[in-house]
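What's in query.csv: CSV, C-alpha atoms
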```
chain,number,residue,atom,x,y,z
A,1,MET,CA,0.0,0.0,0.0
A,2,THR,CA,1.1,3.6,-0.5
A,3,ASP,CA,0.5,7.0,0.9
A,4,THR,CA,-2.3,7.5,-1.6
A,5,ALA,CA,-4.8,4.9,-0.3
A,6,PRO,CA,-4.0,3.6,3.1
A,7,PRO,CA,-6.0,0.6,4.3
A,8,PRO,CA,-8.0,0.4,7.6
A,9,GLN,CA,-5.9,1.7,10.5
A,10,ASP,CA,-6.0,-1.6,12.4
A,11,LYS,CA,-4.0,-3.2,9.6
A,12,VAL,CA,-1.7,-0.5,8.6
A,13,VAL,CA,1.9,0.2,9.7
A,14,GLN,CA,3.7,3.4,9.0
A,15,VAL,CA,7.0,2.8,7.3
A,16,ASP,CA,9.5,5.6,6.9
A,17,ILE,CA,12.2,4.7,4.3
A,18,VAL,CA,15.4,6.7,4.2
A,19,SER,CA,16.8,6.0,0.7
A,20,ASP,CA,18.7,7.2,-2.3
A,21,VAL,CA,17.6,6.6,-5.9
A,22,MET,CA,21.2,5.5,-6.7
A,23,CYS,CA,21.0,2.6,-4.1
A,24,PRO,CA,20.1,-0.7,-5.7
A,25,TRP,CA,19.6,-2.2,-2.3
A,26,CYS,CA,16.9,0.4,-1.6
A,27,ILE,CA,14.6,-1.0,-4.3
A,28,VAL,CA,15.5,-4.5,-3.3
A,29,GLY,CA,14.6,-3.7,0.3
A,30,TYR,CA,11.3,-2.2,-0.8
A,31,LYS,CA,10.4,-5.1,-3.0
A,32,GLN,CA,11.1,-7.4,-0.1
A,33,LEU,CA,8.9,-5.3,2.1
A,34,GLU,CA,6.1,-5.7,-0.6
A,35,GLN,CA,6.5,-9.5,-0.2
A,36,ALA,CA,6.3,-9.1,3.6
A,37,LEU,CA,3.1,-7.1,3.3
A,38,ALA,CA,1.6,-9.9,1.1
A,39,MET,CA,2.7,-12.5,3.6
A,40,THR,CA,1.2,-10.8,6.6
A,41,GLY,CA,-1.9,-9.2,5.0
A,42,ALA,CA,-0.8,-5.9,6.4
A,43,GLY,CA,-0.8,-2.5,4.7
A,44,ALA,CA,1.8,0.2,4.9
A,45,PHE,CA,1.7,4.0,4.9
A,46,ILE,CA,5.0,4.6,3.2
A,47,ARG,CA,7.0,7.8,3.3
A,48,TRP,CA,10.3,8.2,1.6
A,49,HIS,CA,13.1,10.4,3.0
A,50,PRO,CA,16.2,11.8,1.3
A,51,PHE,CA,19.7,10.4,1.7
A,52,GLU,CA,22.6,11.1,-0.7
A,53,LEU,CA,25.1,8.3,-1.0
A,54,ASN,CA,27.4,10.6,-2.9
A,55,PRO,CA,26.5,14.2,-2.1
A,56,ALA,CA,29.7,15.5,-3.7
A,57,MET,CA,29.0,13.8,-7.0
A,58,PRO,CA,29.5,16.3,-9.9
A,59,ALA,CA,26.8,17.1,-12.3
A,60,GLU,CA,28.3,14.9,-15.0
A,61,GLY,CA,28.3,11.9,-12.7
A,62,GLN,CA,30.8,9.0,-12.9
A,63,ASN,CA,31.1,5.6,-14.5
A,64,LEU,CA,29.6,3.0,-12.1
A,65,THR,CA,32.6,0.6,-12.3
A,66,GLU,CA,35.1,3.4,-11.8
A,67,HIS,CA,33.0,4.8,-8.9
A,68,ILE,CA,32.8,1.4,-7.1
A,69,ALA,CA,36.5,0.9,-7.5
A,70,GLU,CA,37.3,4.3,-6.1
A,71,LYS,CA,34.8,4.1,-3.2
A,72,TYR,CA,35.0,0.5,-2.2
A,73,GLY,CA,38.2,-0.8,-3.7
A,74,ALA,CA,36.3,-3.4,-5.8
A,75,SER,CA,38.0,-4.8,-8.9
A,76,ALA,CA,36.1,-4.7,-12.2
A,77,ALA,CA,35.5,-8.5,-11.8
A,78,GLN,CA,34.1,-8.0,-8.3
A,79,SER,CA,31.9,-5.2,-9.5
A,80,ALA,CA,30.6,-7.3,-12.4
A,81,GLU,CA,29.8,-10.2,-10.1
A,82,ASN,CA,27.9,-7.9,-7.7
A,83,ARG,CA,25.9,-6.7,-10.6
A,84,ARG,CA,25.1,-10.2,-11.7
A,85,ARG,CA,23.9,-11.0,-8.2
A,86,LEU,CA,21.7,-7.9,-8.2
A,87,VAL,CA,20.2,-8.8,-11.6
A,88,ASP,CA,19.3,-12.3,-10.3
A,89,LEU,CA,17.9,-10.9,-7.1
A,90,GLY,CA,15.9,-8.3,-8.9
A,91,HIS,CA,14.5,-10.9,-11.3
A,92,ASP,CA,13.2,-12.9,-8.3
A,93,LEU,CA,11.6,-9.8,-6.8
A,94,GLY,CA,10.0,-8.6,-10.1
A,95,PHE,CA,12.4,-5.7,-10.7
A,96,THR,CA,14.7,-5.4,-13.7
A,97,PHE,CA,18.3,-4.2,-13.3
A,98,ASN,CA,20.0,-3.4,-16.5
A,99,PHE,CA,23.7,-2.7,-16.1
A,100,ASP,CA,26.3,-2.2,-18.8
A,101,ALA,CA,29.8,-0.8,-19.3
A,102,ASP,CA,28.3,2.7,-19.6
A,103,SER,CA,26.2,2.6,-16.4
A,104,ARG,CA,26.7,5.8,-14.3
A,105,ILE,CA,26.2,7.1,-10.8
A,106,VAL,CA,24.7,10.6,-10.9
A,107,ASN,CA,23.9,13.3,-8.4
A,108,THR,CA,20.5,12.9,-6.8
A,109,PHE,CA,19.8,16.1,-5.0
A,110,ALA,CA,17.4,17.3,-7.7
A,111,ALA,CA,15.5,14.0,-7.6
A,112,HIS,CA,15.1,14.4,-3.8
A,113,GLN,CA,13.8,17.9,-4.2
A,114,LEU,CA,11.2,16.6,-6.7
A,115,LEU,CA,10.2,13.8,-4.3
A,116,ASP,CA,9.7,16.3,-1.5
A,117,TRP,CA,7.4,18.4,-3.8
A,118,ALA,CA,5.5,15.3,-4.9
A,119,GLN,CA,4.6,14.4,-1.4
A,120,GLU,CA,2.4,17.4,-1.3
A,121,ALA,CA,0.3,15.9,-4.1
A,122,HIS,CA,0.4,12.4,-2.5
A,123,LEU,CA,2.3,11.1,-5.5
A,124,GLN,CA,5.7,10.7,-3.8
A,125,HIS,CA,5.5,6.9,-3.7
A,126,PRO,CA,4.8,6.3,-7.4
A,127,LEU,CA,7.4,8.9,-8.3
A,128,LYS,CA,10.0,7.2,-6.2
A,129,LEU,CA,9.3,3.8,-7.8
A,130,ALA,CA,9.3,5.5,-11.3
A,131,LEU,CA,12.7,7.0,-10.5
A,132,PHE,CA,14.1,3.6,-9.6
A,133,ASP,CA,12.8,2.2,-12.8
A,134,ALA,CA,14.2,5.2,-14.8
A,135,HIS,CA,17.6,4.8,-13.4
A,136,PHE,CA,18.1,1.0,-13.0
A,137,THR,CA,15.9,-0.4,-15.7
A,138,LEU,CA,15.9,2.3,-18.4
A,139,GLY,CA,19.4,3.8,-17.8
A,140,ARG,CA,18.1,7.3,-17.8
A,141,ASP,CA,20.0,10.3,-16.3
A,142,VAL,CA,17.8,11.1,-13.2
A,143,SER,CA,20.0,14.2,-12.5
A,144,ASP,CA,18.7,15.8,-15.7
A,145,HIS,CA,15.9,18.2,-15.1
A,146,GLU,CA,14.1,17.3,-18.3
A,147,VAL,CA,14.3,13.6,-17.5
A,148,LEU,CA,13.0,14.3,-14.0
A,149,ALA,CA,10.1,16.4,-15.4
A,150,GLU,CA,9.2,13.6,-17.8
A,151,VAL,CA,9.2,11.0,-15.1
A,152,ALA,CA,7.1,13.2,-12.9
A,153,GLY,CA,4.6,13.6,-15.7
A,154,SER,CA,4.4,9.8,-16.1
A,155,VAL,CA,3.0,9.4,-12.6
A,156,GLY,CA,0.4,12.2,-12.9
A,157,LEU,CA,2.4,15.2,-11.8
A,158,ASP,CA,2.4,18.4,-13.9
A,159,ARG,CA,5.6,18.5,-16.0
A,160,ASP,CA,5.9,22.2,-16.2
A,161,ALA,CA,5.3,22.6,-12.4
A,162,ALA,CA,8.0,19.9,-11.8
A,163,ARG,CA,10.4,21.7,-14.0
A,164,ALA,CA,9.7,25.0,-12.2
A,165,VAL,CA,10.4,23.3,-8.8
A,166,LEU,CA,13.8,22.2,-10.0
A,167,GLU,CA,14.8,25.4,-11.7
A,168,SER,CA,13.7,27.6,-8.8
A,169,GLY,CA,15.2,25.3,-6.1
A,170,SER,CA,12.0,26.0,-4.1
A,171,HIS,CA,12.4,22.7,-2.2
A,172,ALA,CA,16.1,22.7,-1.8
A,173,ALA,CA,16.3,24.0,1.7
A,174,GLU,CA,13.5,21.7,3.0
A,175,THR,CA,15.2,18.7,1.4
A,176,ARG,CA,18.5,19.6,3.1
A,177,LYS,CA,16.7,19.9,6.4
A,178,ARG,CA,15.1,16.5,5.9
A,179,GLN,CA,18.5,15.0,5.1
A,180,GLU,CA,20.1,16.5,8.2
A,181,PHE,CA,17.2,15.2,10.4
A,182,TRP,CA,18.1,11.6,9.5
A,183,THR,CA,21.8,11.9,9.6
A,184,SER,CA,21.7,13.7,12.9
A,185,ARG,CA,19.9,10.6,14.2
A,186,GLY,CA,22.6,8.3,13.2
A,187,ILE,CA,21.5,7.2,9.8
A,188,SER,CA,24.6,6.6,7.7
A,189,GLY,CA,23.5,4.0,5.2
A,190,VAL,CA,20.4,3.0,3.2
A,191,PRO,CA,17.9,1.6,3.0
A,192,SER,CA,17.0,2.4,6.6
A,193,MET,CA,13.4,1.6,7.5
A,194,VAL,CA,11.6,2.9,10.6
A,195,PHE,CA,8.5,1.0,11.5
A,196,ASP,CA,5.8,2.7,13.5
A,197,GLU,CA,8.2,5.5,14.3
A,198,ARG,CA,9.9,3.1,16.8
A,199,TYR,CA,11.8,0.3,15.2
A,200,LEU,CA,14.7,0.7,12.8
A,201,LEU,CA,16.0,-1.9,10.3
A,202,THR,CA,19.0,-1.1,8.2
A,203,GLY,CA,19.9,-2.7,4.9
A,204,ALA,CA,17.7,-5.0,2.7
A,205,GLN,CA,16.7,-7.4,5.4
A,206,GLY,CA,14.6,-9.8,3.5
A,207,ALA,CA,10.8,-10.5,3.4
A,208,GLU,CA,10.8,-12.8,6.4
A,209,THR,CA,12.5,-10.2,8.7
A,210,TYR,CA,10.1,-7.5,7.5
A,211,ALA,CA,7.2,-9.8,8.0
A,212,ARG,CA,8.2,-10.4,11.6
A,213,MET,CA,8.5,-6.7,12.2
A,214,LEU,CA,5.1,-6.0,10.7
A,215,THR,CA,3.5,-8.7,12.8
A,216,LYS,CA,5.2,-7.4,15.9
A,217,VAL,CA,4.0,-3.8,15.3
A,218,LEU,CA,0.5,-4.9,14.5
A,219,SER,CA,0.2,-7.1,17.6
A,220,GLU,CA,1.4,-4.3,19.8
A,221,LYS,CA,-1.1,-1.9,18.2
A,222,HIS,CA,-3.9,-4.4,18.8
A,223,ALA,CA,-2.9,-5.0,22.4
A,224,ALA,CA,-2.7,-1.3,23.2
```
Could you write out this structure as structure tokens?
Amino acid sequence: MTDTAPPPQDKVVQVDIVSDVMCPWCIVGYKQLEQALAMTGAGAFIRWHPFELNPAMPAEGQNLTEHIAEKYGASAAQSAENRRRLVDLGHDLGFTFNFDADSRIVNTFAAHQLLDWAQEAHLQHPLKLALFDAHFTLGRDVSDHEVLAEVAGSVGLDRDAARAVLESGSHAAETRKRQEFWTSRGISGVPSMVFDERYLLTGAQGAETYARMLTKVLSEKHAA
């Protein structure tokens, strides 16, 4: 379930997800959460929050293999093997990762600003998923304002209004504030999921772990 149509409150769990569009494990974690929701029959009121894995990434971005080598010391062979694992995992979860020699990491601050704006229209969730698809499946440059406006339009947002948000920077300060809120509370990696504003799980934990957490939260709500 999304923030657009939450189910009855006795079966819904608020899940705040701190995430970056560049993070493949964020979409993996979300798809695992989807599985957990199906397993438990629970619903989720999902809110996405900004985190930049690479806040100093220049506008032109960087080749993915080069970036992974510089940041983590991974060889080209290790990087390729990690991508193969992600492709297989994505396939099992119903998400398509398309990597090639030209795959790039880009700056995501503009995307986070657009997501902050989209929340006002209750379309943040579909926009976030569309951005994951644009980046990982379609290989689009989600730092480009025109691309971002097109993706916004694809989920029902006004393209011209989206472009104006990005060009004016109207949501830049609020986006920075939201980033700082989470980092000041110790969030240093993503995905980080907070269940019912109380319980934190970091990393893509798997459907079973998420299902246990959902069951725990719902049982506590019913016992209250």
Who sits within 8 Å of Phe109 of chain A, all atoms listed in the file, same chain under 3 positions skipped, as a list in words =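 The neighbour list is Glu52, Pro55, His112, Gln113 and Ser143 of chain A.
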Residue contacts of Gly41 of chain A (10 Å, all atoms listed in the file) excluding same-chain residues fewer than 4 positions away, as a ChimeraX atom specification | /A:11-12,35-37,211,214-215
How many Å separate atom CA of His125 of chain A from atom CA of Phe97 of chain A?
->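 Atom CA of Phe97 of chain A lies at a distance of 19.5 Å from atom CA of His125 of chain A.
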Would you kindly return, as number ranges by chain, each protein, DNA or RNA residue with an atom no farther than 10 Å from any atom of segment 57-60 of chain A, considering all atoms listed in the file and excluding same-chain residues fewer than 5 positions away?
-> A: 52, 104-109, 141, 143-144
Give me, as CSV, each residue of segment 122-218 of chain A that comes within 8 Å of segment 16-28 of chain A, together with its shortest interatomic pair and the distance in Å at one decimal, counting all atoms listed in the file, with rows ordered by chain and rising residue number.
```
residue,atom,partner,partner_atom,distance
A:Lys128,CA,A:Val21,CA,7.6
A:Leu129,CA,A:Ile27,CA,8.0
A:Leu131,CA,A:Val21,CA,6.7
A:Phe132,CA,A:Val21,CA,5.9
A:His135,CA,A:Met22,CA,7.6
A:Phe136,CA,A:Pro24,CA,7.8
A:Trp182,CA,A:Val18,CA,7.7
A:Val190,CA,A:Ser19,CA,5.3
A:Pro191,CA,A:Cys26,CA,4.9
A:Ser192,CA,A:Val18,CA,5.2
A:Met193,CA,A:Ile17,CA,4.6
A:Val194,CA,A:Asp16,CA,5.0
A:Phe195,CA,A:Asp16,CA,6.6
A:Glu197,CA,A:Asp16,CA,7.5
A:Gly203,CA,A:Trp25,CA,7.2
A:Ala204,CA,A:Trp25,CA,6.0
```
For the residues selected in the previous step, produce a file with C-alpha atoms as a short mmCIF file (atom, residue, chain, number, x, y, z; two decimals), in the coordinates of the input.
```cif
data_model
loop_
_atom_site.label_atom_id
_atom_site.label_comp_id
_atom_site.auth_asym_id
_atom_site.auth_seq_id
_atom_site.Cartn_x
_atom_site.Cartn_y
_atom_site.Cartn_z
CA LYS A 128 10.00 7.20 -6.20
CA LEU A 129 9.30 3.80 -7.80
CA LEU A 131 12.70 7.00 -10.50
CA PHE A 132 14.10 3.60 -9.60
CA HIS A 135 17.60 4.80 -13.40
CA PHE A 136 18.10 1.00 -13.00
CA TRP A 182 18.10 11.60 9.50
CA VAL A 190 20.40 3.00 3.20
CA PRO A 191 17.90 1.60 3.00
CA SER A 192 17.00 2.40 6.60
CA MET A 193 13.40 1.60 7.50
CA VAL A 194 11.60 2.90 10.60
CA PHE A 195 8.50 1.00 11.50
CA GLU A 197 8.20 5.50 14.30
CA GLY A 203 19.90 -2.70 4.90
CA ALA A 204 17.70 -5.00 2.70
#
```
Separation of atom CA of Gln119 of chain A from atom CA of Thr183 of chain A, in Å and rounded to one decimal = 20.6 Å
Contacts of Leu157 of chain A at 9 Å (all atoms listed in the file; same-chain gap of 6+ positions) as number ranges by chain | A: 118, 121, 123, 127, 149, 151
Computed interatomic separation between atom CA of Leu33 of chain A and atom CA of Lys216 of chain A (Å) =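 Answer for the atom CA of Leu33 of chain A to atom CA of Lys216 of chain A separation: 14.4 Å.
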Distance query Ala130 of chain A at most 9 Å, all atoms listed in the file, self and fewer than 6 positions along chain excluded, as a PyMOL selection string = chain A and resi 151-152+154-155
Nearest candidate to Pro126 of chain A (options A:Gly153, A:Gly139, A:Gly61, A:Gly73; using all atoms listed in the file) |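 Looking only at the distances to Pro126 of chain A, the closest residue turns out to be A:Gly153.
Minimum atom-to-atom distances from A:Leu115, A:Ala74, A:Val87, A:Leu64 to His49 of chain A were compared using only C-alpha atoms, and the lowest value belongs to A:Leu115.
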